[in-house]
$ cat structure-v5.cif   # mmCIF, C-alpha atoms and all ligand atoms
data_model
loop_
_atom_site.label_atom_id
_atom_site.label_comp_id
_atom_site.auth_asym_id
_atom_site.auth_seq_id
_atom_site.Cartn_x
_atom_site.Cartn_y
_atom_site.Cartn_z
CA MET A 1 99.47 222.38 -164.61
CA TYR A 2 95.84 221.84 -163.66
CA HIS A 3 92.62 223.66 -162.82
CA LEU A 4 89.12 222.82 -161.57
CA GLU A 5 86.22 222.65 -164.01
CA CYS A 6 82.47 222.27 -163.49
CA ILE A 7 81.09 219.12 -165.11
CA GLU A 8 77.76 220.88 -165.76
CA CYS A 9 78.53 224.42 -167.01
CA GLY A 10 82.27 224.21 -167.72
CA LYS A 11 83.16 227.15 -165.44
CA LYS A 12 86.83 227.04 -164.50
CA TYR A 13 88.40 227.66 -161.09
CA GLN A 14 92.05 228.08 -160.21
CA LYS A 15 94.03 225.70 -158.08
CA THR A 16 94.34 228.37 -155.40
CA ASP A 17 90.53 228.72 -155.05
CA ILE A 18 88.95 227.18 -151.98
CA VAL A 19 85.85 225.80 -153.62
CA TYR A 20 84.00 222.48 -153.39
CA THR A 21 81.24 222.83 -155.99
CA CYS A 22 80.53 225.27 -158.82
CA GLU A 23 78.43 228.41 -158.43
CA CYS A 24 75.79 226.58 -160.48
CA GLY A 25 75.83 223.73 -157.96
CA GLY A 26 77.64 221.35 -160.31
CA LEU A 27 80.45 218.98 -159.29
CA LEU A 28 84.04 219.93 -160.07
CA ASP A 29 86.73 217.90 -161.79
CA VAL A 30 90.50 218.35 -161.73
CA ILE A 31 91.67 218.87 -165.31
CA TYR A 32 95.35 218.71 -166.29
CA ASP A 33 97.21 220.06 -169.26
CA TYR A 34 97.74 216.50 -170.51
CA LEU A 35 100.00 217.55 -173.38
CA SER A 36 102.54 218.94 -170.95
CA ILE A 37 102.64 215.80 -168.78
CA LYS A 38 105.74 213.72 -169.40
CA ILE A 39 105.54 210.17 -168.07
CA ASP A 40 108.83 208.35 -167.55
CA MET A 41 107.81 204.96 -168.97
CA GLU A 42 110.92 203.24 -167.70
CA ARG A 43 110.11 204.30 -164.13
CA LEU A 44 106.42 203.51 -164.62
CA LYS A 45 107.22 199.97 -165.68
CA THR A 46 109.74 199.23 -162.92
CA GLU A 47 108.84 201.14 -159.73
CA THR A 48 106.59 199.43 -157.16
CA PRO A 49 103.03 200.80 -157.23
CA SER A 50 101.94 203.36 -154.62
CA VAL A 51 99.80 206.50 -154.75
CA TRP A 52 102.82 208.80 -155.12
CA LYS A 53 104.41 206.72 -157.85
CA TYR A 54 101.96 208.54 -160.13
CA ARG A 55 102.67 212.03 -158.82
CA GLU A 56 102.94 213.59 -162.29
CA LEU A 57 99.19 212.95 -162.44
CA LEU A 58 98.39 214.26 -158.96
CA PRO A 59 97.56 217.88 -158.07
CA ILE A 60 100.10 218.40 -155.28
CA GLU A 61 103.30 220.38 -155.65
CA GLN A 62 104.71 220.26 -152.10
CA GLU A 63 105.98 217.23 -150.22
CA PRO A 64 102.80 215.22 -149.54
CA VAL A 65 101.45 214.12 -146.16
CA SER A 66 101.98 210.40 -146.67
CA ILE A 67 102.13 207.14 -144.73
CA ASN A 68 102.74 204.79 -147.67
CA GLU A 69 99.25 204.47 -149.07
CA GLY A 70 98.38 202.43 -152.14
CA GLY A 71 100.42 199.60 -153.59
CA THR A 72 97.73 197.20 -152.40
CA PRO A 73 97.78 193.58 -153.59
CA LEU A 74 95.96 192.43 -156.71
CA TYR A 75 95.23 188.78 -156.02
CA LYS A 76 94.43 186.25 -158.76
CA CYS A 77 91.53 184.33 -157.25
CA ASP A 78 91.25 180.94 -158.91
CA ARG A 79 89.22 179.17 -156.22
CA LEU A 80 86.68 181.99 -156.04
CA ALA A 81 86.61 182.19 -159.86
CA GLU A 82 85.81 178.51 -160.05
CA LYS A 83 82.96 178.82 -157.56
CA ILE A 84 81.47 181.79 -159.44
CA GLY A 85 82.10 180.18 -162.83
CA ILE A 86 84.44 182.70 -164.43
CA LYS A 87 87.83 182.18 -166.08
CA GLU A 88 89.99 185.05 -164.86
CA LEU A 89 89.17 186.92 -161.65
CA TYR A 90 91.30 189.32 -159.65
CA VAL A 91 90.58 191.01 -156.35
CA LYS A 92 92.27 194.29 -155.50
CA HIS A 93 92.31 194.41 -151.73
CA GLU A 94 92.12 198.03 -150.67
CA GLY A 95 91.79 196.85 -147.08
CA MET A 96 95.60 196.66 -147.13
CA ASN A 97 95.99 200.44 -146.98
CA PRO A 98 97.34 202.14 -143.78
CA THR A 99 93.92 202.51 -142.10
CA GLY A 100 92.44 199.49 -143.85
CA SER A 101 90.43 201.19 -146.60
CA PHE A 102 90.83 202.91 -149.98
CA LYS A 103 90.01 206.24 -148.35
CA ASP A 104 93.70 206.69 -147.52
CA ARG A 105 94.47 207.23 -151.21
CA GLY A 106 92.11 210.17 -151.28
CA MET A 107 93.12 211.55 -147.91
CA THR A 108 96.86 211.65 -148.58
CA VAL A 109 96.03 213.97 -151.49
CA GLY A 110 93.17 215.79 -149.73
CA VAL A 111 95.09 216.59 -146.56
CA SER A 112 98.19 217.54 -148.57
CA LYS A 113 95.96 219.98 -150.47
CA ALA A 114 94.56 221.35 -147.20
CA ILE A 115 98.12 222.08 -146.08
CA GLU A 116 99.04 223.66 -149.45
CA LEU A 117 95.98 225.90 -149.19
CA GLY A 118 96.94 226.89 -145.65
CA MET A 119 93.80 225.42 -144.06
CA LYS A 120 93.93 225.10 -140.27
CA THR A 121 91.28 222.41 -139.59
CA VAL A 122 89.88 219.57 -141.70
CA ALA A 123 86.44 217.97 -141.44
CA CYS A 124 84.18 215.31 -142.90
CA ALA A 125 80.93 213.42 -142.41
CA SER A 126 81.42 209.69 -142.57
CA THR A 127 79.92 206.23 -142.42
CA GLY A 128 83.24 205.40 -140.74
CA ASN A 129 86.17 204.80 -143.07
CA THR A 130 86.53 208.39 -144.21
CA SER A 131 86.69 209.48 -140.57
CA ALA A 132 89.38 206.90 -139.72
CA SER A 133 91.41 208.07 -142.67
CA LEU A 134 90.96 211.78 -141.98
CA ALA A 135 91.99 211.19 -138.37
CA ILE A 136 95.26 209.50 -139.32
CA TYR A 137 96.27 212.06 -141.97
CA GLY A 138 95.25 214.93 -139.71
CA ALA A 139 97.50 213.43 -137.05
CA LYS A 140 100.39 213.01 -139.49
CA ALA A 141 99.97 216.58 -140.75
CA GLY A 142 99.58 217.97 -137.23
CA ILE A 143 96.24 219.68 -137.83
CA PRO A 144 92.92 219.06 -136.04
CA ALA A 145 90.33 216.80 -137.68
CA ILE A 146 86.60 217.03 -136.96
CA VAL A 147 84.43 214.05 -137.93
CA LEU A 148 80.63 213.80 -137.94
CA LEU A 149 79.29 210.24 -137.63
CA PRO A 150 75.72 208.91 -137.69
CA GLU A 151 75.03 207.94 -134.09
CA GLY A 152 75.08 204.21 -133.39
CA LYS A 153 75.60 203.20 -137.02
CA VAL A 154 79.36 203.18 -137.43
CA ALA A 155 81.37 199.95 -137.28
CA LEU A 156 83.47 199.64 -134.12
CA GLY A 157 86.91 199.44 -135.76
CA LYS A 158 86.36 202.70 -137.59
CA VAL A 159 85.24 204.60 -134.49
CA ALA A 160 88.23 203.15 -132.64
CA GLN A 161 90.59 204.53 -135.29
CA ALA A 162 89.01 207.99 -135.36
CA LEU A 163 89.24 208.18 -131.56
CA MET A 164 92.76 206.83 -131.16
CA HIS A 165 94.25 209.01 -133.88
CA GLY A 166 92.89 212.02 -132.08
CA ALA A 167 90.03 213.33 -134.22
CA LYS A 168 87.21 215.26 -132.57
CA VAL A 169 84.46 212.66 -132.97
CA LEU A 170 80.87 213.95 -133.02
CA SER A 171 77.96 211.49 -133.16
CA ILE A 172 75.07 213.13 -134.98
CA ARG A 173 71.46 212.31 -134.18
CA GLY A 174 70.63 211.51 -137.79
CA ASN A 175 71.94 209.39 -140.63
CA PHE A 176 75.00 209.88 -142.87
CA ASP A 177 73.10 212.01 -145.39
CA ASP A 178 72.06 214.39 -142.57
CA ALA A 179 75.66 214.57 -141.33
CA LEU A 180 76.92 215.42 -144.81
CA VAL A 181 74.43 218.27 -145.27
CA LEU A 182 75.60 219.65 -141.93
CA VAL A 183 79.35 219.43 -142.58
CA ARG A 184 78.94 220.97 -146.03
CA LYS A 185 77.27 223.97 -144.41
CA LEU A 186 79.98 224.21 -141.75
CA CYS A 187 82.68 224.25 -144.43
CA ASP A 188 81.09 226.01 -147.39
CA GLU A 189 78.82 228.59 -145.73
CA GLU A 190 80.31 229.05 -142.25
CA LYS A 191 83.85 228.50 -143.62
CA LEU A 192 84.92 226.92 -140.33
CA PHE A 193 86.85 223.93 -141.71
CA TYR A 194 88.25 222.48 -144.93
CA LEU A 195 85.82 219.88 -146.31
CA LEU A 196 87.29 216.47 -147.07
CA ASN A 197 84.31 214.46 -148.19
CA SER A 198 84.50 213.04 -151.70
CA ILE A 199 82.64 216.04 -153.11
CA ASN A 200 86.09 217.61 -152.78
CA PRO A 201 87.59 216.78 -156.20
CA TYR A 202 91.13 216.46 -154.82
CA ARG A 203 90.13 213.37 -152.84
CA LEU A 204 89.08 211.61 -156.01
CA GLU A 205 92.45 212.39 -157.59
CA GLY A 206 94.12 210.17 -155.01
CA GLN A 207 91.55 207.44 -155.46
CA LYS A 208 92.00 207.32 -159.25
CA THR A 209 95.38 205.67 -158.60
CA ILE A 210 93.43 202.42 -158.04
CA GLY A 211 92.85 202.46 -161.81
CA PHE A 212 96.53 203.16 -162.51
CA GLU A 213 97.61 200.34 -160.21
CA ILE A 214 95.27 197.79 -161.77
CA VAL A 215 96.78 198.46 -165.20
CA ASP A 216 100.27 198.44 -163.72
CA GLN A 217 99.76 195.17 -161.82
CA LEU A 218 98.18 193.42 -164.81
CA GLY A 219 101.34 194.11 -166.81
CA PHE A 220 99.82 197.11 -168.61
CA ARG A 221 96.69 195.27 -169.66
CA VAL A 222 93.21 196.70 -169.09
CA PRO A 223 90.60 194.34 -167.60
CA ASP A 224 87.18 193.97 -169.23
CA ARG A 225 85.34 194.92 -166.06
CA VAL A 226 85.96 196.60 -162.74
CA ILE A 227 83.32 195.95 -160.09
CA LEU A 228 83.06 197.84 -156.81
CA PRO A 229 80.68 198.90 -154.04
CA VAL A 230 79.05 202.29 -154.42
CA GLY A 231 78.03 204.63 -151.60
CA ASN A 232 78.63 208.32 -152.27
CA ALA A 233 79.76 207.20 -155.72
CA GLY A 234 83.14 208.90 -155.55
CA ASN A 235 85.31 205.84 -156.01
CA VAL A 236 83.65 204.51 -159.16
CA THR A 237 84.04 207.98 -160.66
CA ALA A 238 87.65 208.31 -159.55
CA ILE A 239 88.80 204.91 -160.79
CA TYR A 240 87.21 205.49 -164.18
CA LYS A 241 89.03 208.83 -164.43
CA GLY A 242 92.28 206.97 -163.76
CA PHE A 243 91.69 204.53 -166.59
CA LYS A 244 90.71 207.37 -168.91
CA GLU A 245 93.85 209.36 -168.11
CA PHE A 246 96.11 206.39 -168.85
CA MET A 247 94.36 206.10 -172.20
CA LYS A 248 94.66 209.84 -172.86
CA LEU A 249 98.40 209.60 -172.24
CA GLY A 250 98.76 206.67 -174.63
CA ILE A 251 99.74 204.22 -171.89
CA THR A 252 96.67 202.03 -172.63
CA ASP A 253 94.19 201.90 -175.47
CA SER A 254 90.89 201.02 -173.76
CA VAL A 255 88.92 201.43 -170.54
CA PRO A 256 87.05 198.77 -168.57
CA LYS A 257 83.29 198.64 -168.14
CA MET A 258 82.60 200.10 -164.70
CA VAL A 259 80.09 198.19 -162.57
CA GLY A 260 78.69 199.71 -159.36
CA ILE A 261 77.06 197.56 -156.69
CA GLN A 262 74.69 198.77 -153.99
CA THR A 263 72.54 196.93 -151.49
CA ALA A 264 68.83 196.30 -151.98
CA GLY A 265 68.17 198.58 -148.99
CA SER A 266 70.18 201.50 -150.34
CA PRO A 267 70.06 201.53 -154.18
CA PRO A 268 69.78 205.13 -155.54
CA ILE A 269 72.48 204.75 -158.23
CA VAL A 270 71.18 201.36 -159.36
CA ASN A 271 67.66 202.76 -159.64
CA ALA A 272 68.87 205.64 -161.81
CA ILE A 273 70.95 203.38 -164.10
CA LYS A 274 68.09 200.93 -164.53
CA SER A 275 65.47 203.61 -165.19
CA GLY A 276 67.72 205.69 -167.46
CA ALA A 277 67.29 208.79 -165.27
CA ASP A 278 69.72 211.73 -165.49
CA ASP A 279 69.95 212.01 -161.74
CA ILE A 280 69.14 209.96 -158.68
CA THR A 281 66.05 210.02 -156.50
CA PRO A 282 67.36 209.98 -152.91
CA VAL A 283 66.48 206.95 -150.79
CA LEU A 284 65.16 208.35 -147.52
CA ASN A 285 65.85 205.63 -144.98
CA PRO A 286 68.68 203.49 -146.34
CA GLU A 287 69.18 200.25 -144.42
CA THR A 288 71.80 197.50 -144.82
CA VAL A 289 74.30 195.46 -142.85
CA ALA A 290 76.92 197.13 -145.07
CA THR A 291 76.94 200.32 -142.98
CA ALA A 292 79.78 201.83 -145.04
CA ILE A 293 77.38 202.26 -147.97
CA ARG A 294 74.25 203.03 -146.02
CA ILE A 295 73.91 206.21 -148.07
CA GLY A 296 70.65 207.41 -149.63
CA ASN A 297 71.74 210.60 -151.38
CA PRO A 298 75.15 210.03 -153.02
CA VAL A 299 76.81 213.38 -153.70
CA ASN A 300 78.84 212.21 -156.69
CA ALA A 301 75.84 210.67 -158.46
CA ARG A 302 76.04 212.88 -161.57
CA LYS A 303 79.69 211.97 -162.11
CA ALA A 304 79.16 208.30 -161.36
CA LEU A 305 76.17 207.91 -163.69
CA ARG A 306 78.28 209.36 -166.50
CA ALA A 307 81.23 207.08 -165.73
CA ILE A 308 79.08 203.97 -165.65
CA ARG A 309 77.21 204.87 -168.84
CA GLU A 310 80.19 206.13 -170.81
CA SER A 311 82.11 202.93 -170.06
CA ASN A 312 79.13 200.76 -171.11
CA GLY A 313 79.02 199.44 -167.58
CA THR A 314 76.07 198.76 -165.33
CA ALA A 315 74.86 198.79 -161.72
CA GLU A 316 73.17 196.10 -159.68
CA THR A 317 71.87 195.45 -156.19
CA VAL A 318 72.65 192.57 -153.87
CA THR A 319 70.88 191.52 -150.69
CA ASP A 320 72.51 191.45 -147.27
CA GLU A 321 72.42 187.62 -147.42
CA GLU A 322 74.22 187.60 -150.75
CA LEU A 323 76.95 189.96 -149.59
CA ILE A 324 77.50 188.01 -146.37
CA GLN A 325 77.95 184.82 -148.41
CA ALA A 326 80.44 186.62 -150.67
CA GLN A 327 82.28 187.90 -147.59
CA LYS A 328 82.64 184.31 -146.36
CA ASP A 329 83.73 183.08 -149.80
CA LEU A 330 86.45 185.73 -150.02
CA ALA A 331 87.62 184.85 -146.52
CA GLN A 332 87.46 181.08 -146.80
CA LEU A 333 88.40 180.43 -150.43
CA GLU A 334 91.01 183.15 -150.89
CA GLY A 335 92.16 184.33 -147.46
CA ILE A 336 90.89 187.83 -148.16
CA GLY A 337 89.21 189.41 -145.14
CA VAL A 338 86.84 192.25 -146.03
CA GLU A 339 84.14 194.30 -144.39
CA PRO A 340 80.50 193.78 -145.51
CA ALA A 341 80.32 196.68 -148.01
CA SER A 342 83.42 195.42 -149.79
CA ALA A 343 81.93 191.99 -150.37
CA THR A 344 79.15 193.51 -152.50
CA SER A 345 81.61 193.60 -155.42
CA VAL A 346 81.94 189.81 -155.40
CA ALA A 347 78.24 189.24 -154.63
CA GLY A 348 77.41 191.53 -157.55
CA LEU A 349 79.78 189.68 -159.88
CA LYS A 350 78.10 186.38 -158.99
CA LYS A 351 74.65 187.81 -159.67
CA LEU A 352 75.71 189.33 -163.01
CA ILE A 353 77.39 186.08 -164.11
CA ASP A 354 74.33 184.05 -163.10
CA THR A 355 72.05 186.37 -165.06
CA GLY A 356 74.34 186.41 -168.12
CA VAL A 357 75.13 190.14 -168.00
CA ILE A 358 78.85 189.41 -167.53
CA GLY A 359 80.45 186.74 -169.71
CA ARG A 360 82.38 183.86 -168.15
CA ASP A 361 85.41 184.63 -170.32
CA GLU A 362 85.70 188.29 -169.28
CA ILE A 363 88.72 189.43 -167.28
CA VAL A 364 87.23 190.92 -164.11
CA VAL A 365 88.71 192.90 -161.23
CA CYS A 366 86.61 193.16 -158.07
CA ILE A 367 87.65 195.84 -155.62
CA THR A 368 87.36 195.09 -151.93
CA THR A 369 87.35 198.50 -150.35
CA GLY A 370 87.82 197.85 -146.63
CA HIS A 371 89.36 195.34 -144.21
CA LEU A 372 87.51 192.65 -142.23
CA LEU A 373 88.65 194.09 -138.89
CA LYS A 374 86.76 197.31 -139.53
CA ASP A 375 83.53 195.65 -138.45
CA PRO A 376 84.21 192.86 -135.93
CA GLU A 377 80.65 192.95 -134.59
CA GLU A 378 79.19 191.94 -137.95
CA VAL A 379 81.61 189.02 -138.07
CA ILE A 380 80.49 187.80 -134.66
CA ASP A 381 76.86 188.09 -135.85
CA VAL A 382 77.31 186.05 -139.03
CA CYS A 383 79.80 183.39 -137.91
CA ALA A 384 79.35 180.50 -135.46
CA GLU A 385 80.45 181.24 -131.92
CA PRO A 386 83.77 179.92 -130.59
CA ILE A 387 83.32 176.53 -128.91
CA VAL A 388 84.18 176.51 -125.22
CA VAL A 389 85.91 173.28 -124.14
CA ASP A 390 87.80 171.96 -121.12
CA ALA A 391 91.56 172.39 -121.34
CA THR A 392 92.19 168.69 -122.02
CA ILE A 393 93.38 166.66 -125.03
CA GLU A 394 90.26 164.54 -124.71
CA ALA A 395 87.86 167.49 -124.93
CA ILE A 396 89.64 168.94 -127.97
CA ARG A 397 89.81 165.53 -129.67
CA GLU A 398 86.10 165.08 -129.14
CA SER A 399 85.22 168.57 -130.33
CA VAL A 400 87.36 168.39 -133.51
CA PHE A 401 86.66 164.81 -134.58
CA SER A 402 83.11 164.27 -133.36
CA ASP A 403 81.35 165.38 -136.55
C1 LIG A 501 84.38 200.09 -147.34
O1 LIG A 501 83.52 206.53 -144.97
O2 LIG A 501 81.30 207.13 -147.51
O3 LIG A 501 81.04 205.24 -153.41
O4 LIG A 501 82.04 208.09 -145.12
O5 LIG A 501 83.77 202.74 -146.59
O6 LIG A 501 83.23 206.36 -152.99
O7 LIG A 501 81.38 206.56 -151.33
C2 LIG A 501 82.53 205.16 -147.15
C3 LIG A 501 82.32 204.58 -148.35
C4 LIG A 501 82.72 201.48 -150.29
C5 LIG A 501 81.72 203.61 -150.95
N1 LIG A 501 83.33 200.66 -149.44
O8 LIG A 501 82.60 204.43 -151.66
C6 LIG A 501 82.59 207.07 -145.56
C7 LIG A 501 82.08 206.49 -146.82
C8 LIG A 501 83.70 201.07 -148.22
C9 LIG A 501 83.40 202.37 -147.82
C10 LIG A 501 82.41 202.76 -149.95
C11 LIG A 501 82.73 203.23 -148.69
P1 LIG A 501 82.04 205.72 -152.39
#
$ encode --input "structure-v5.cif" --output "structure tokens" --more "lines below"
Ligand code: AN7
Amino acid sequence: MYHLECIECGKKYQKTDIVYTCECGGLLDVIYDYLSIKIDMERLKTETPSVWKYRELLPIEQEPVSINEGGTPLYKCDRLAEKIGIKELYVKHEGMNPTGSFKDRGMTVGVSKAIELGMKTVACASTGNTSASLAIYGAKAGIPAIVLLPEGKVALGKVAQALMHGAKVLSIRGNFDDALVLVRKLCDEEKLFYLLNSINPYRLEGQKTIGFEIVDQLGFRVPDRVILPVGNAGNVTAIYKGFKEFMKLGITDSVPKMVGIQTAGSPPIVNAIKSGADDITPVLNPETVATAIRIGNPVNARKALRAIRESNGTAETVTDEELIQAQKDLAQLEGIGVEPASATSVAGLKKLIDTGVIGRDEIVVCITTGHLLKDPEEVIDVCAEPIVVDATIEAIRESVFSD
């Protein structure tokens, strides 16, 4: 039992309504009848984590469109912890999802909902990962997917996925924020397609399972902090909702402080948190090497600001240099390969430890949202080139042992 509810005016919508935002313009939340939800604790404590392990808390009644999303590893990162100067650090590597990003958690639910509602075509605007994910779930469901990408600004691996999985890929002359305005009109006003950006509250329902899994994988403990990159600000909102629901159901008795990280070139949420504003001021020309979060007007800002504040969390910026260093540290100290945006979580942790905002004895989970192979061109840019040598023992000996 669930319905949709506006976070601003409280207006309720039914689960059969095809609606993305409230009449008043406010964002919608999926609200359950929590008293009627029965969790089988024995199953919860023994079954391997995955998105659909938590189906009692997901808004889908039919068989879902699924390709085994979720259940991503939570690594204890002692070498990285030592470098940063913190006692207990975990990294939840969402790059280990089917398309290599956390978006799959939202899309398995979102596309399942599209099918339940009888929608014929699904669409999104994307900085890349959302489009890869929509393409794969559209393919699995057997319905067409339309994706709008900012021309020339999407990492190669993501475009490759959208193309190969058969989405209709449209490169927009404009940035992500422009593409999102356009696709919202196509879906909401023109009613041409079903909108699967994270303004669609069903997407966030899938993504909240990251919160469930963290608790599950820590042996039903709640960490002190969860740190993650923020773009459209859907994921930080979703994960916090997951932690809150586990508390509401009596599975846990606290929630972590939520910490959102953006880049110095694209910081609307950080600006609002630091200035105490109720809403964001859009950043007009966002620029960063972390193209996934090159977003100036995050649609879930009002939800995210509440989540961060209510949890006593914070938000911080990192520079491109800092996030590239964190990307290398994750790769070379822990064997965790992530795309640039994902590394902002670890770069942000380092900055907040160095400045004393986060204590060295806190239990911290950083979320790495996307896989290294999403953006091979960035890797080539920031790493030394391969060394070309003659195919002889001598040449290799000289190259390896000469310095
Ligand atoms: C790797 O694909 O917005 O704050 O269109 O790909 O929930 O938006 C991607 C976002 C973080 C930010 N890390 O999450 C898209 C898109 C990675 C991402 C984010 C994205 P939100």
$ residues_around --input "structure-v5.cif" --residues "Ala139 (chain A)" --least-positions-apart "3" --cutoff "10 Å" --atoms "only C-alpha atoms" --output "ChimeraX atom specification"
/A:65,133-136,142-145,165-167
$ residues_around --input "structure-v5.cif" --residues "region 258-270 of chain A" --least-positions-apart "5" --cutoff "7 Å" --atoms "all atoms listed in the file" --output "PyMOL selection string"
chain A and resi 225-230+236+280-283+286-288+294-296+301+308+311+313-320+344-345+348
$ closest_atom_pairs --input "structure-v5.cif" --of "chain A" --to "ligand LIG 501 (chain A)" --cutoff "7 Å" --atoms "only C-alpha atoms and all ligand atoms" --output "JSON lines"
{"residue": "A:Ser101", "atom": "CA", "partner": "A:LIG501", "partner_atom": "C1", "distance": 6.2}
{"residue": "A:Ala125", "atom": "CA", "partner": "A:LIG501", "partner_atom": "O4", "distance": 6.1}
{"residue": "A:Ser126", "atom": "CA", "partner": "A:LIG501", "partner_atom": "O4", "distance": 3.1}
{"residue": "A:Thr127", "atom": "CA", "partner": "A:LIG501", "partner_atom": "O4", "distance": 3.9}
{"residue": "A:Gly128", "atom": "CA", "partner": "A:LIG501", "partner_atom": "O1", "distance": 4.4}
{"residue": "A:Asn129", "atom": "CA", "partner": "A:LIG501", "partner_atom": "O1", "distance": 3.7}
{"residue": "A:Thr130", "atom": "CA", "partner": "A:LIG501", "partner_atom": "O1", "distance": 3.6}
{"residue": "A:Ser131", "atom": "CA", "partner": "A:LIG501", "partner_atom": "O1", "distance": 6.2}
{"residue": "A:Ser198", "atom": "CA", "partner": "A:LIG501", "partner_atom": "O6", "distance": 6.9}
{"residue": "A:Pro229", "atom": "CA", "partner": "A:LIG501", "partner_atom": "C4", "distance": 5.0}
{"residue": "A:Val230", "atom": "CA", "partner": "A:LIG501", "partner_atom": "O3", "distance": 3.7}
{"residue": "A:Gly231", "atom": "CA", "partner": "A:LIG501", "partner_atom": "O3", "distance": 3.6}
{"residue": "A:Asn232", "atom": "CA", "partner": "A:LIG501", "partner_atom": "O7", "distance": 3.4}
{"residue": "A:Ala233", "atom": "CA", "partner": "A:LIG501", "partner_atom": "O3", "distance": 3.3}
{"residue": "A:Gly234", "atom": "CA", "partner": "A:LIG501", "partner_atom": "O6", "distance": 3.6}
{"residue": "A:Asn235", "atom": "CA", "partner": "A:LIG501", "partner_atom": "O6", "distance": 3.7}
{"residue": "A:Val236", "atom": "CA", "partner": "A:LIG501", "partner_atom": "O3", "distance": 6.4}
{"residue": "A:Ala292", "atom": "CA", "partner": "A:LIG501", "partner_atom": "O5", "distance": 4.4}
{"residue": "A:Ile293", "atom": "CA", "partner": "A:LIG501", "partner_atom": "C10", "distance": 5.4}
{"residue": "A:Glu339", "atom": "CA", "partner": "A:LIG501", "partner_atom": "C1", "distance": 6.5}
{"residue": "A:Ala341", "atom": "CA", "partner": "A:LIG501", "partner_atom": "N1", "distance": 5.2}
{"residue": "A:Ser342", "atom": "CA", "partner": "A:LIG501", "partner_atom": "N1", "distance": 5.3}
{"residue": "A:Thr369", "atom": "CA", "partner": "A:LIG501", "partner_atom": "C1", "distance": 4.5}
{"residue": "A:Gly370", "atom": "CA", "partner": "A:LIG501", "partner_atom": "C1", "distance": 4.2}
$ closest_residue --input "structure-v5.cif" --among "A:Val183, A:Thr21, A:Asp375, A:Asp40" --to "Thr291 (chain A)" --atoms "all atoms listed in the file"
A:Asp375
$ atom_distance --input "structure-v5.cif" --atom1 "CA of Ile239 (chain A)" --atom2 "CA of Glu321 (chain A)"
27.3 Å
$ residues_near_point --input "structure-v5.cif" --point "(94.0, 204.2, -151.3)" --cutoff "9 Å" --atoms "all atoms listed in the file" --output "JSON, numbers by chain"
{"A": [50, 51, 69, 70, 71, 72, 94, 95, 96, 97, 98, 100, 101, 102, 103, 104, 105, 106, 107, 108, 206, 207, 208, 209, 210, 369]}
$ closest_residue --input "structure-v5.cif" --among "A:Leu305, A:Val338, A:Val154, A:Leu195" --to "Val111 (chain A)" --atoms "only C-alpha atoms"
A:Leu195
$ closest_residue --input "structure-v5.cif" --among "A:Thr392, A:Gln217, A:Asn300, A:Ser399" --to "Glu47 (chain A)" --atoms "only C-alpha atoms"
A:Gln217
$ atom_distance --input "structure-v5.cif" --atom1 "CA of Ile273 (chain A)" --atom2 "CA of Arg306 (chain A)"
9.8 Å
$ closest_residue --input "structure-v5.cif" --among "A:Glu334, A:Gly85, A:Ile18, A:Glu42" --to "Asp354 (chain A)" --atoms "all atoms listed in the file"
A:Gly85
